[in-house]
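S.K.: Structure supplied as data-v2.txt; contents: compact mmCIF, C-alpha atoms and all ligand atoms.
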# COMPACT_ATOMS: atom_id res chain seq x y z
CA MET O 1275 126.32 131.31 86.02
CA ASN O 1276 127.38 128.10 87.70
CA PRO O 1277 126.33 125.29 85.32
CA GLN O 1278 125.57 123.03 88.29
CA VAL O 1279 122.95 125.55 89.38
CA THR O 1280 121.70 126.30 85.87
CA LEU O 1281 120.95 122.61 85.44
CA LEU O 1282 118.94 122.37 88.68
CA LYS O 1283 115.21 121.87 88.30
CA LYS O 1284 112.72 123.94 90.28
CA SER O 1285 110.98 121.88 92.98
CA ALA O 1286 107.78 120.57 91.36
CA THR O 1287 106.13 120.06 94.74
CA LEU O 1288 106.83 123.62 95.89
CA LYS O 1289 105.90 125.05 92.47
CA ILE O 1290 102.54 123.28 92.16
CA THR O 1291 101.67 123.96 95.81
CA ALA O 1292 102.47 127.68 95.34
CA LEU O 1293 100.38 127.80 92.14
CA THR O 1294 97.46 126.13 93.94
CA LYS O 1295 97.64 128.62 96.82
CA LYS O 1296 97.80 131.51 94.33
CA LEU O 1297 94.69 130.28 92.47
CA ILE O 1298 92.82 129.91 95.79
CA ARG O 1299 93.88 133.46 96.83
CA GLU O 1300 92.53 134.72 93.52
CA GLY O 1301 89.14 133.23 94.43
CA LYS O 1302 89.27 130.03 92.35
CA ASP O 1303 87.57 127.08 94.01
CA VAL O 1304 90.57 124.75 93.72
CA VAL O 1305 90.74 121.53 95.74
CA ASN O 1306 94.29 121.29 97.01
CA PHE O 1307 95.51 117.71 96.72
CA ALA O 1308 99.05 118.95 96.01
CA ALA O 1309 99.98 120.21 99.47
CA GLY O 1310 103.13 118.81 101.00
CA GLU O 1311 102.28 120.25 104.40
CA PRO O 1312 99.71 119.52 107.10
CA ASP O 1313 96.68 121.82 106.84
CA PHE O 1314 96.38 122.18 110.64
CA ASP O 1315 97.52 125.34 112.37
CA THR O 1316 100.69 125.05 114.48
CA PRO O 1317 99.35 124.08 117.94
CA ASP O 1318 99.06 126.86 120.54
CA PHE O 1319 101.51 125.27 122.99
CA VAL O 1320 104.16 125.41 120.28
CA LYS O 1321 103.33 128.98 119.26
CA GLU O 1322 103.62 130.01 122.91
CA GLY O 1323 107.16 128.63 123.02
CA GLY O 1324 108.05 131.00 120.17
CA ILE O 1325 106.15 133.96 121.60
CA ASN O 1326 107.83 133.52 125.00
CA ALA O 1327 111.22 133.40 123.28
CA ILE O 1328 110.50 136.78 121.66
CA ASN O 1329 109.16 138.32 124.89
CA GLN O 1330 112.10 137.02 126.92
CA GLY O 1331 114.62 138.39 124.44
CA PHE O 1332 115.76 134.95 123.31
CA THR O 1333 116.49 136.52 119.96
CA LYS O 1334 120.22 136.18 119.47
CA TYR O 1335 122.50 133.63 117.78
CA THR O 1336 122.49 130.25 119.46
CA PRO O 1337 125.45 127.85 119.15
CA SER O 1338 125.58 126.81 115.49
CA VAL O 1339 124.68 123.20 116.35
CA GLY O 1340 121.61 124.37 118.28
CA TYR O 1341 120.61 125.58 121.70
CA PRO O 1342 121.75 123.08 124.41
CA GLU O 1343 118.33 122.42 126.00
CA LEU O 1344 116.82 121.63 122.60
CA ARG O 1345 119.69 119.33 121.60
CA ALA O 1346 119.28 117.51 124.92
CA ALA O 1347 115.50 117.20 124.45
CA ILE O 1348 115.95 115.86 120.91
CA ALA O 1349 118.53 113.30 122.10
CA ASP O 1350 116.14 112.30 124.86
CA LYS O 1351 113.28 111.85 122.37
CA LEU O 1352 115.47 109.79 120.02
CA ASN O 1353 116.55 107.53 122.87
CA LYS O 1354 113.07 107.04 124.30
CA VAL O 1355 110.92 106.93 121.18
CA ASN O 1356 113.36 105.71 118.53
CA LYS O 1357 115.53 103.48 120.73
CA LEU O 1358 118.77 105.19 119.70
CA SER O 1359 121.72 105.65 122.05
CA VAL O 1360 122.72 109.24 121.51
CA SER O 1361 123.64 112.31 123.53
CA SER O 1362 123.31 116.03 122.80
CA GLU O 1363 126.72 115.85 121.14
CA ASN O 1364 125.21 113.74 118.36
CA ILE O 1365 122.55 116.31 117.45
CA ILE O 1366 122.55 119.32 115.13
CA VAL O 1367 119.47 121.53 114.89
CA THR O 1368 118.99 122.79 111.34
CA THR O 1369 116.94 125.23 109.31
CA GLY O 1370 114.45 122.53 108.25
CA ALA O 1371 115.02 118.84 107.56
CA LYS O 1372 115.75 119.72 103.94
CA TYR O 1373 118.88 121.59 104.99
CA ALA O 1374 119.84 118.71 107.31
CA ILE O 1375 119.84 116.39 104.28
CA TYR O 1376 121.80 118.86 102.17
CA VAL O 1377 124.56 119.42 104.74
CA SER O 1378 124.78 115.67 105.31
CA LEU O 1379 125.37 115.09 101.60
CA LEU O 1380 127.86 117.97 101.44
CA ALA O 1381 129.81 116.54 104.35
CA LEU O 1382 129.86 112.95 103.10
CA LEU O 1383 130.33 113.19 99.34
CA ASP O 1384 133.56 113.46 97.45
CA SER O 1385 133.64 114.11 93.71
CA GLY O 1386 131.95 111.26 91.78
CA ASP O 1387 130.67 109.44 94.88
CA GLU O 1388 127.45 107.55 94.23
CA VAL O 1389 124.28 108.02 96.22
CA ILE O 1390 121.70 105.26 95.95
CA MET O 1391 118.03 106.13 96.42
CA SER O 1392 114.82 104.30 95.61
CA SER O 1393 112.70 105.60 92.78
CA PRO O 1394 110.09 107.09 92.90
CA TYR O 1395 112.02 109.54 95.07
CA TRP O 1396 111.24 112.79 96.82
CA VAL O 1397 111.98 115.57 94.32
CA SER O 1398 114.80 117.21 96.24
CA TYR O 1399 117.15 114.26 96.77
CA PRO O 1400 118.64 114.08 93.26
CA GLU O 1401 118.82 117.86 92.97
CA MET O 1402 120.66 118.10 96.28
CA VAL O 1403 123.08 115.42 95.08
CA ASN O 1404 123.52 117.49 91.89
CA LEU O 1405 124.47 120.49 94.03
CA THR O 1406 127.31 118.48 95.52
CA SER O 1407 129.82 116.67 93.35
CA GLY O 1408 128.04 113.34 93.85
CA LYS O 1409 126.06 111.19 91.45
CA SER O 1410 122.55 109.77 92.00
CA VAL O 1411 121.91 106.11 91.33
CA PHE O 1412 118.26 105.11 91.24
CA LEU O 1413 116.87 101.83 92.50
CA GLN O 1414 113.65 101.47 90.52
CA THR O 1415 110.92 99.98 92.69
CA LYS O 1416 107.69 98.35 91.52
CA GLU O 1417 104.11 98.40 92.69
CA SER O 1418 104.15 94.58 92.77
CA ASN O 1419 106.85 94.86 95.44
CA ASN O 1420 104.91 97.61 97.24
CA PHE O 1421 107.52 100.16 96.03
CA LYS O 1422 110.10 98.75 98.42
CA ILE O 1423 113.82 98.35 97.91
CA ASP O 1424 114.66 94.79 96.92
CA PRO O 1425 117.67 93.78 99.07
CA GLN O 1426 119.19 91.67 96.31
CA THR O 1427 119.00 94.57 93.82
CA LEU O 1428 120.42 96.92 96.43
CA SER O 1429 123.34 94.61 97.02
CA GLU O 1430 124.04 94.38 93.28
CA THR O 1431 123.78 98.17 92.84
CA ILE O 1432 126.45 99.01 95.41
CA THR O 1433 129.81 99.66 93.74
CA PRO O 1434 133.19 100.73 95.14
CA ARG O 1435 132.04 104.31 94.41
CA THR O 1436 128.87 104.02 96.48
CA LYS O 1437 129.09 106.30 99.49
CA VAL O 1438 125.50 106.77 100.68
CA LEU O 1439 122.12 105.07 100.64
CA ILE O 1440 119.19 107.43 101.21
CA LEU O 1441 116.24 105.80 102.93
CA ASN O 1442 112.91 107.57 103.34
CA TYR O 1443 110.09 105.94 105.26
CA PRO O 1444 107.20 106.44 105.67
CA ASN O 1445 107.83 107.36 102.08
CA ASN O 1446 107.07 110.47 100.08
CA PRO O 1447 105.50 109.96 97.51
CA THR O 1448 104.36 106.31 97.80
CA GLY O 1449 103.15 106.34 101.42
CA ILE O 1450 104.70 102.92 102.12
CA THR O 1451 106.91 102.16 105.09
CA TYR O 1452 109.33 99.41 106.12
CA SER O 1453 108.95 96.78 108.83
CA TYR O 1454 111.69 95.79 111.26
CA ASN O 1455 112.53 92.69 109.23
CA GLU O 1456 112.70 94.56 105.93
CA LEU O 1457 115.03 97.15 107.46
CA LYS O 1458 117.15 94.44 109.02
CA GLU O 1459 117.87 92.99 105.57
CA ILE O 1460 118.96 96.41 104.32
CA TYR O 1461 121.02 96.94 107.48
CA ASN O 1462 122.90 93.65 106.93
CA ILE O 1463 123.83 94.73 103.41
CA VAL O 1464 124.97 98.28 104.18
CA LYS O 1465 126.94 97.09 107.18
CA GLU O 1466 128.78 94.53 105.12
CA LYS O 1467 129.39 96.96 102.25
CA ASN O 1468 130.52 99.71 104.58
CA ILE O 1469 128.47 102.62 103.24
CA HIS O 1470 126.66 105.49 104.95
CA VAL O 1471 122.91 105.78 105.32
CA ILE O 1472 120.89 108.97 105.41
CA SER O 1473 117.60 107.88 106.94
CA ASP O 1474 114.92 110.50 106.37
CA GLU O 1475 112.23 109.73 108.92
CA ILE O 1476 110.35 113.02 108.78
CA TYR O 1477 106.95 111.31 108.45
CA GLU O 1478 107.54 108.96 111.40
CA THR O 1479 104.61 110.26 113.45
CA LEU O 1480 102.18 109.74 110.56
CA ILE O 1481 102.07 105.97 110.43
CA TYR O 1482 98.75 104.11 110.42
CA ASP O 1483 96.95 100.95 111.44
CA GLU O 1484 99.00 100.41 114.60
CA ARG O 1485 102.21 99.99 112.59
CA GLU O 1486 105.36 100.90 114.48
CA HIS O 1487 108.09 103.11 113.17
CA VAL O 1488 111.56 101.54 113.44
CA SER O 1489 114.52 103.90 113.24
CA PHE O 1490 117.37 102.63 111.09
CA ALA O 1491 119.99 103.86 113.57
CA SER O 1492 118.48 101.63 116.28
CA PHE O 1493 120.09 98.52 114.75
CA PRO O 1494 123.33 97.54 116.55
CA GLY O 1495 126.18 99.85 115.57
CA ALA O 1496 124.10 101.55 112.85
CA ASP O 1497 124.39 104.90 114.63
CA LYS O 1498 128.06 104.94 113.55
CA PHE O 1499 127.21 105.05 109.82
CA THR O 1500 123.68 106.49 109.82
CA ILE O 1501 122.57 110.10 109.77
CA THR O 1502 118.98 110.22 111.02
CA ILE O 1503 116.97 113.11 109.63
CA ASN O 1504 113.84 114.44 111.24
CA GLY O 1505 112.03 117.69 111.99
CA PHE O 1506 108.90 119.42 113.12
CA SER O 1507 107.33 120.41 109.78
CA LYS O 1508 105.07 117.37 109.51
CA SER O 1509 104.80 116.31 113.15
CA HIS O 1510 103.74 119.74 114.44
CA SER O 1511 102.54 121.56 111.35
CA MET O 1512 105.57 123.84 111.44
CA THR O 1513 106.57 123.99 107.77
CA GLY O 1514 107.04 127.77 107.77
CA TRP O 1515 109.04 127.86 110.99
CA ARG O 1516 111.92 126.04 109.25
CA ILE O 1517 113.23 123.66 111.85
CA GLY O 1518 114.66 120.18 111.60
CA TYR O 1519 117.52 118.16 113.00
CA LEU O 1520 119.98 115.39 112.35
CA SER O 1521 121.58 112.83 114.57
CA ALA O 1522 124.97 111.37 113.64
CA SER O 1523 128.33 110.19 114.96
CA GLU O 1524 130.40 112.88 116.68
CA GLU O 1525 132.93 112.80 113.83
CA THR O 1526 130.17 113.57 111.30
CA ILE O 1527 128.70 116.22 113.61
CA ASN O 1528 132.08 117.99 113.78
CA GLU O 1529 132.27 118.13 109.99
CA ILE O 1530 128.68 119.25 109.46
CA SER O 1531 128.93 121.89 112.21
CA LYS O 1532 131.61 123.66 110.15
CA ILE O 1533 129.22 123.93 107.21
CA ILE O 1534 126.52 125.36 109.49
CA ASP O 1535 129.03 127.84 110.97
CA HIS O 1536 129.70 129.30 107.56
CA THR O 1537 126.25 129.12 106.02
CA THR O 1538 123.21 129.63 108.28
CA SER O 1539 125.11 130.23 111.60
CA CYS O 1540 122.26 128.51 113.47
CA ALA O 1541 118.53 127.81 113.20
CA SER O 1542 116.28 130.66 114.36
CA SER O 1543 116.46 131.03 118.15
CA ILE O 1544 112.72 131.71 118.34
CA THR O 1545 111.87 128.62 116.33
CA GLN O 1546 114.20 126.53 118.46
CA ARG O 1547 112.26 127.48 121.58
CA ALA O 1548 109.00 126.64 119.79
CA ALA O 1549 110.48 123.24 118.86
CA LEU O 1550 111.42 122.64 122.49
CA ALA O 1551 107.79 123.27 123.42
CA ALA O 1552 106.69 120.87 120.65
CA LEU O 1553 108.65 118.05 122.27
CA THR O 1554 106.71 118.39 125.53
CA ASN O 1555 103.32 117.15 124.28
CA GLU O 1556 102.62 113.98 122.36
CA ASN O 1557 98.81 114.05 122.60
CA TRP O 1558 98.42 116.55 119.81
CA GLN O 1559 100.29 114.33 117.37
CA ARG O 1560 98.13 111.32 118.22
CA LYS O 1561 94.98 113.35 117.52
CA ILE O 1562 96.32 114.56 114.17
CA LYS O 1563 97.35 111.08 113.12
CA LEU O 1564 93.85 109.71 113.74
CA GLU O 1565 92.38 112.55 111.70
CA PHE O 1566 94.74 111.79 108.81
CA GLN O 1567 93.89 108.10 109.01
CA LYS O 1568 90.17 108.92 108.73
CA ARG O 1569 90.84 111.04 105.65
CA ARG O 1570 93.03 108.37 104.11
CA ASP O 1571 90.25 105.82 104.42
CA VAL O 1572 87.66 108.09 102.77
CA LEU O 1573 90.02 109.02 99.94
CA TYR O 1574 91.12 105.43 99.38
CA LYS O 1575 87.56 104.17 99.16
CA GLY O 1576 86.53 107.00 96.83
CA LEU O 1577 89.46 106.47 94.44
CA SER O 1578 89.03 102.68 94.51
CA ASP O 1579 85.44 103.16 93.38
CA CYS O 1580 86.62 105.25 90.46
CA ASP O 1581 86.95 103.50 87.12
CA LYS O 1582 90.48 103.44 85.65
CA LEU O 1583 92.15 104.56 88.91
CA ASN O 1584 94.03 102.22 91.22
CA PRO O 1585 95.14 103.88 94.45
CA ILE O 1586 97.78 102.42 96.76
CA LYS O 1587 96.70 102.50 100.39
CA PRO O 1588 99.32 104.50 102.30
CA GLU O 1589 100.82 102.96 105.43
CA GLY O 1590 102.03 106.39 106.51
CA THR O 1591 102.43 110.07 105.40
CA PHE O 1592 99.53 112.10 104.01
CA TYR O 1593 100.16 111.12 100.40
CA MET O 1594 98.27 108.61 98.31
CA PHE O 1595 99.99 107.30 95.22
CA CYS O 1596 97.49 106.44 92.52
CA ASP O 1597 97.94 104.40 89.35
CA ILE O 1598 96.42 106.29 86.41
CA ARG O 1599 97.79 104.13 83.58
CA GLU O 1600 94.35 102.90 82.49
CA THR O 1601 93.40 106.48 81.57
CA GLY O 1602 96.09 106.46 78.86
CA LEU O 1603 97.33 109.92 79.95
CA SER O 1604 100.83 110.80 81.09
CA SER O 1605 100.96 111.88 84.73
CA PHE O 1606 101.80 115.44 83.62
CA ASP O 1607 98.83 115.62 81.20
CA PHE O 1608 96.52 114.04 83.77
CA SER O 1609 97.41 116.53 86.50
CA THR O 1610 97.47 119.54 84.17
CA LYS O 1611 94.02 118.77 82.71
CA LEU O 1612 92.64 117.94 86.16
CA LEU O 1613 93.75 121.33 87.43
CA GLU O 1614 92.80 123.38 84.39
CA GLU O 1615 89.46 121.75 83.65
CA TYR O 1616 88.29 120.41 87.02
CA LEU O 1617 90.14 122.60 89.53
CA VAL O 1618 91.86 119.84 91.45
CA SER O 1619 95.62 120.04 91.98
CA CYS O 1620 97.88 117.04 92.53
CA ILE O 1621 101.51 116.16 91.73
CA PRO O 1622 102.45 114.10 88.64
CA ALA O 1623 104.70 111.20 89.55
CA SER O 1624 107.00 112.14 86.67
CA SER O 1625 108.39 114.71 89.15
CA PHE O 1626 109.35 111.78 91.37
CA GLY O 1627 111.04 109.90 88.54
CA MET O 1628 108.17 107.58 87.66
CA GLU O 1629 105.43 107.58 85.04
CA GLY O 1630 101.84 106.34 85.30
CA TYR O 1631 101.00 107.63 88.78
CA ILE O 1632 99.93 110.80 90.56
CA ARG O 1633 100.42 111.84 94.18
CA ILE O 1634 97.29 112.98 95.99
CA SER O 1635 97.77 114.69 99.33
CA PHE O 1636 95.02 114.21 101.90
CA SER O 1637 96.21 117.16 103.88
CA THR O 1638 92.86 118.82 103.46
CA GLY O 1639 89.50 118.42 105.26
CA LEU O 1640 86.90 115.69 104.56
CA GLU O 1641 84.58 118.15 102.81
CA GLN O 1642 87.31 119.08 100.33
CA ILE O 1643 88.22 115.42 99.89
CA SER O 1644 84.60 114.59 98.93
CA LYS O 1645 84.49 117.54 96.55
CA GLY O 1646 87.82 116.57 94.98
CA LEU O 1647 86.76 112.94 94.61
CA LYS O 1648 83.59 113.94 92.77
CA ARG O 1649 85.59 116.13 90.39
CA ILE O 1650 88.18 113.41 89.76
CA LYS O 1651 85.39 110.94 88.98
CA ASP O 1652 83.78 113.40 86.54
CA PHE O 1653 87.16 114.07 84.94
CA VAL O 1654 87.99 110.39 84.44
CA LYS O 1655 84.47 109.73 83.09
CA SER O 1656 84.98 112.52 80.54
CA LEU O 1657 88.10 110.88 79.09
N1 LIG O 1701 112.04 114.91 103.55
C1 LIG O 1701 110.90 114.62 102.90
C2 LIG O 1701 110.67 113.24 102.41
C3 LIG O 1701 109.92 115.61 102.71
O1 LIG O 1701 108.79 115.31 102.08
C4 LIG O 1701 110.20 116.90 103.17
C5 LIG O 1701 109.15 117.94 102.81
N2 LIG O 1701 109.00 118.98 103.43
C6 LIG O 1701 111.40 117.15 103.83
C7 LIG O 1701 112.31 116.14 103.99
C8 LIG O 1701 111.81 118.50 104.32
O2 LIG O 1701 111.04 119.04 105.33
P1 LIG O 1701 111.39 120.41 106.03
O3 LIG O 1701 112.57 121.02 105.36
O4 LIG O 1701 110.17 121.25 105.94
O5 LIG O 1701 111.71 120.07 107.46
N1 LIG O 1702 108.03 117.84 101.04
C1 LIG O 1702 106.77 118.37 100.65
C2 LIG O 1702 106.34 117.76 99.33
O1 LIG O 1702 106.89 116.81 98.88
C3 LIG O 1702 106.80 119.88 100.68
C4 LIG O 1702 107.38 120.56 99.52
C5 LIG O 1702 108.85 120.32 99.41
O2 LIG O 1702 109.60 120.73 100.31
O3 LIG O 1702 109.19 119.63 98.46
O4 LIG O 1702 105.39 118.20 98.74
Just give me the structure of the file as structure tokens.
M.R.:
Amino acid sequence: MNPQVTLLKKSATLKITALTKKLIREGKDVVNFAAGEPDFDTPDFVKEGGINAINQGFTKYTPSVGYPELRAAIADKLNKVNKLSVSSENIIVTTGAKYAIYVSLLALLDSGDEVIMSSPYWVSYPEMVNLTSGKSVFLQTKESNNFKIDPQTLSETITPRTKVLILNYPNNPTGITYSYNELKEIYNIVKEKNIHVISDEIYETLIYDEREHVSFASFPGADKFTITINGFSKSHSMTGWRIGYLSASEETINEISKIIDHTTSCASSITQRAALAALTNENWQRKIKLEFQKRRDVLYKGLSDCDKLNPIKPEGTFYMFCDIRETGLSSFDFSTKLLEEYLVSCIPASSFGMEGYIRISFSTGLEQISKGLKRIKDFVKSL
């Protein structure tokens, strides 16, 4: 076996979500606070795009970088909504945003190149870096700084071996996001230090309280050194369709397209037509976002009322990070006991490289949220 693969960890988020779904299928009344996917069905107008593709025989390979109309529609969306200046030639459609991140790392990293990411981090970033010949460097963030990258620390962490900074906002797992001014400070540093940025903006549509999402590549000249990652999994409840995209300089696109040629060939033609349909209607997303915001508020209030728990109010995503240190349990023990004894699943922050917190997903209805809150309160009281 390849030792690089042997050393890889299974994805904790996928593993715990699969276990939760299995327990529910077996008839156990588990409250699913682990889910890393929206609970809503894919909207009908998107499904129809896929169904029409099948009926019209749009079932063959597309160009490896994606079908032209979809690339054009994505470029158009990025220009209008995200204030980028890109054309179809800057877009590659991928089999999920996860694969977009992986091929970006593969294309950019040479042996020993360092990739800086904030910690807590989404589980897959370091493992993807491990699959390449790169090396992860973690920028530990603190609750007192709202889990944000400190520009000074970032500047000091960059070495001659640093090749890439991964940004992810709204952030999984902390739920925080960055303002224009905060991003500008990071932009000034990376521009001066001449490194690449992979900006994972997959939760951009789930941002609350009238905050605005600012795309990193919209800063002057940043499109030359930034790969913007996005997709349809979170925005249109399309996790199982496996569709995402990246936007990058044409030079980077040429390199990445070779990897796609020899690995997946292209994203599913049917899914690509569904994604094209997804881009035609923004109303659905607005409705979903308001629903998530309502759930966030109920969950936040409930956890704040709970002794020994200190939740962080998310500015985006459907994840609430919650400080459990006063319970005296490790995040793994807390989440294992909560699942085994009180039938509530969540993700221990140790999977994200940090102790003392858990991630609670509010991608489940208000009734389940109330039920889960009651169980969490009973559990914490029992400690
Ligand atoms: N980035 C982050 C931060 C995520 O949480 C996810 C989870 N699905 C992804 C990327 C990948 O999404 P997908 O491959 O489903 O498009
Ligand atoms: N990204 C989601 C999560 O963090 C889905 C699972 C995964 O791809 O990791 O839970």
S.K.: Within 7 Å of ligand LIG 1702 (chain O), which residues of chain O show up? Give each one with its shortest atom-to-atom distance in Å (one decimal) and the two atoms involved, counting all atoms listed in the file, rows by chain then rising residue number, as CSV.
M.R.:
residue,atom,partner,partner_atom,distance
O:Ser1285,CA,O:LIG1702,O3,6.2
O:Thr1287,CA,O:LIG1702,O4,4.5
O:Leu1288,CA,O:LIG1702,C4,4.8
O:Ala1308,CA,O:LIG1702,O4,6.9
O:Ala1309,CA,O:LIG1702,O4,5.8
O:Gly1310,CA,O:LIG1702,O4,3.3
O:Glu1311,CA,O:LIG1702,C3,5.9
O:Trp1396,CA,O:LIG1702,O1,6.3
O:Val1397,CA,O:LIG1702,O3,6.4
O:Ser1398,CA,O:LIG1702,O3,6.5
O:Asn1446,CA,O:LIG1702,O1,6.5
S.K.: With a distance cut-off of 7 Å and only C-alpha atoms, select the neighbouring residues of O:Leu1441, excluding the residue or stretch itself and same-chain residues fewer than 6 positions from it, and output the selection as a list of chain:residue names.
M.R.: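 Answer for this query is O:Met1391, O:Ile1472, O:Ser1473, O:Asp1474.
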S.K.: Counting only C-alpha atoms and all ligand atoms, which residues of chain O fall within 6 Å of ligand LIG 1701 (chain O), and what is the closest atom pair for each with its distance in Å at one decimal, ordered by chain and rising number, as CSV?
M.R.:
residue,atom,partner,partner_atom,distance
O:Gly1370,CA,O:LIG1701,O3,3.8
O:Ala1371,CA,O:LIG1701,O5,3.5
O:Lys1372,CA,O:LIG1701,O3,3.7
O:Trp1396,CA,O:LIG1701,C2,5.6
O:Asn1446,CA,O:LIG1701,C2,5.1
O:Asp1474,CA,O:LIG1701,N1,6.0
O:Ile1476,CA,O:LIG1701,N1,5.8
O:Gly1505,CA,O:LIG1701,O5,5.1
O:Ser1507,CA,O:LIG1701,O4,4.8
O:Thr1513,CA,O:LIG1701,O4,4.9
O:Ile1517,CA,O:LIG1701,O5,5.9
O:Gly1518,CA,O:LIG1701,O5,5.1
S.K.: Have a look at atom CA of O:Ile1328 and atom CA of O:Thr1545 and let me know their distance in Å, one decimal.
M.R.: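 Answer for the atom CA of O:Ile1328 to atom CA of O:Thr1545 separation: 9.8 Å.
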S.K.: Taking 3 positions as the minimum chain separation for residues in the same chain, which residues sit within 8 Å of O:Asn1445 when counting all atoms listed in the file? Answer as a short mmCIF file (atom, residue, chain, number, x, y, z; two decimals) with C-alpha atoms, in the frame of the given file.
M.R.:
data_model
loop_
_atom_site.label_atom_id
_atom_site.label_comp_id
_atom_site.auth_asym_id
_atom_site.auth_seq_id
_atom_site.Cartn_x
_atom_site.Cartn_y
_atom_site.Cartn_z
CA ASN O 1442 112.91 107.57 103.34
CA THR O 1448 104.36 106.31 97.80
CA GLY O 1449 103.15 106.34 101.42
CA ILE O 1450 104.70 102.92 102.12
CA THR O 1451 106.91 102.16 105.09
CA TYR O 1477 106.95 111.31 108.45
CA GLY O 1590 102.03 106.39 106.51
CA THR O 1591 102.43 110.07 105.40
#
S.K.: So how many Å separate atom CA of O:Val1488 and atom CA of O:Ser1511, to one decimal?
M.R.: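 Between these atoms lies a distance of 22.1 Å.
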S.K.: For atom CA of O:Thr1415 and atom CA of O:Leu1613, determine how far apart the two atoms are, in Å to one decimal place.
M.R.: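 We find that atom CA of O:Thr1415 and atom CA of O:Leu1613 lie 27.9 Å from each other.
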S.K.: Within 12 Å of stretch 1600-1610 of chain O, counting only C-alpha atoms, which residues show up once you throw out same-chain ones fewer than 2 positions away? Write them as number ranges by chain, please.
M.R.: O: 1286, 1290, 1293-1294, 1306-1308, 1580-1584, 1595-1598, 1612-1634, 1650-1651, 1653-1657
S.K.: As a PyMOL selection string, please: the residues near O:Arg1516 (cut-off 12 Å, only C-alpha atoms, same-chain neighbours under 6 positions excluded).
M.R.: chain O and resi 1367-1374+1504-1508+1510+1538+1540-1546+1548-1549
S.K.: Neighbouring residues of O:Lys1458 were defined as those with any atom within 9 Å, considering all atoms listed in the file; residues of the same chain fewer than 5 positions away were excluded. Please report them as a list in words.
M.R.: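 With the cut-off at 9 Å, the set is Ser1453, Ile1463, Phe1490 and Phe1493 of chain O.
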S.K.: Point out the residue among O:Ile1366, O:Met1512, O:Val1360, O:Leu1573 with the least atom-to-atom distance to O:Tyr1341, counting only C-alpha atoms.
M.R.: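 Between O:Ile1366, O:Met1512, O:Val1360, O:Leu1573, the residue approaching O:Tyr1341 most closely is O:Ile1366.
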S.K.: Would you mind telling me which residue in O:Tyr1399, O:Tyr1452, O:Tyr1335, O:Tyr1519 lies nearest to O:Ala1347 when using all atoms listed in the file?
M.R.: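 The answer is O:Tyr1519, which sits nearest to O:Ala1347.
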S.K.: For a quick check of understanding, using all atoms listed in the file, which of O:Glu1525, O:Asp1483, O:Glu1556, O:Glu1430 has the smallest distance to O:Glu1589?
M.R.: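 Of O:Glu1525, O:Asp1483, O:Glu1556, O:Glu1430, the one nearest O:Glu1589 is O:Asp1483, counting all atoms listed in the file.
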S.K.: So, with all atoms listed in the file as the atoms that count, which of O:Ile1469, O:Val1572, O:Leu1358, O:Ile1348 lies closest to O:Gly1639?
M.R.: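 Of all the options, O:Val1572 lies closest to O:Gly1639.
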S.K.: Considering all atoms listed in the file, state which residue in the set O:Ile1481, O:Leu1564, O:Leu1647, O:Leu1520 is at the smallest distance from O:Ser1578.
M.R.: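 Between O:Ile1481, O:Leu1564, O:Leu1647, O:Leu1520, the residue approaching O:Ser1578 most closely is O:Leu1647.
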S.K.: Return the single residue from O:Val1377, O:Ile1562, O:Ala1346, O:Ile1440 that is closest to O:Thr1526, with distances computed using only C-alpha atoms.
M.R.: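 For O:Thr1526, the nearest of the given residues is O:Val1377.
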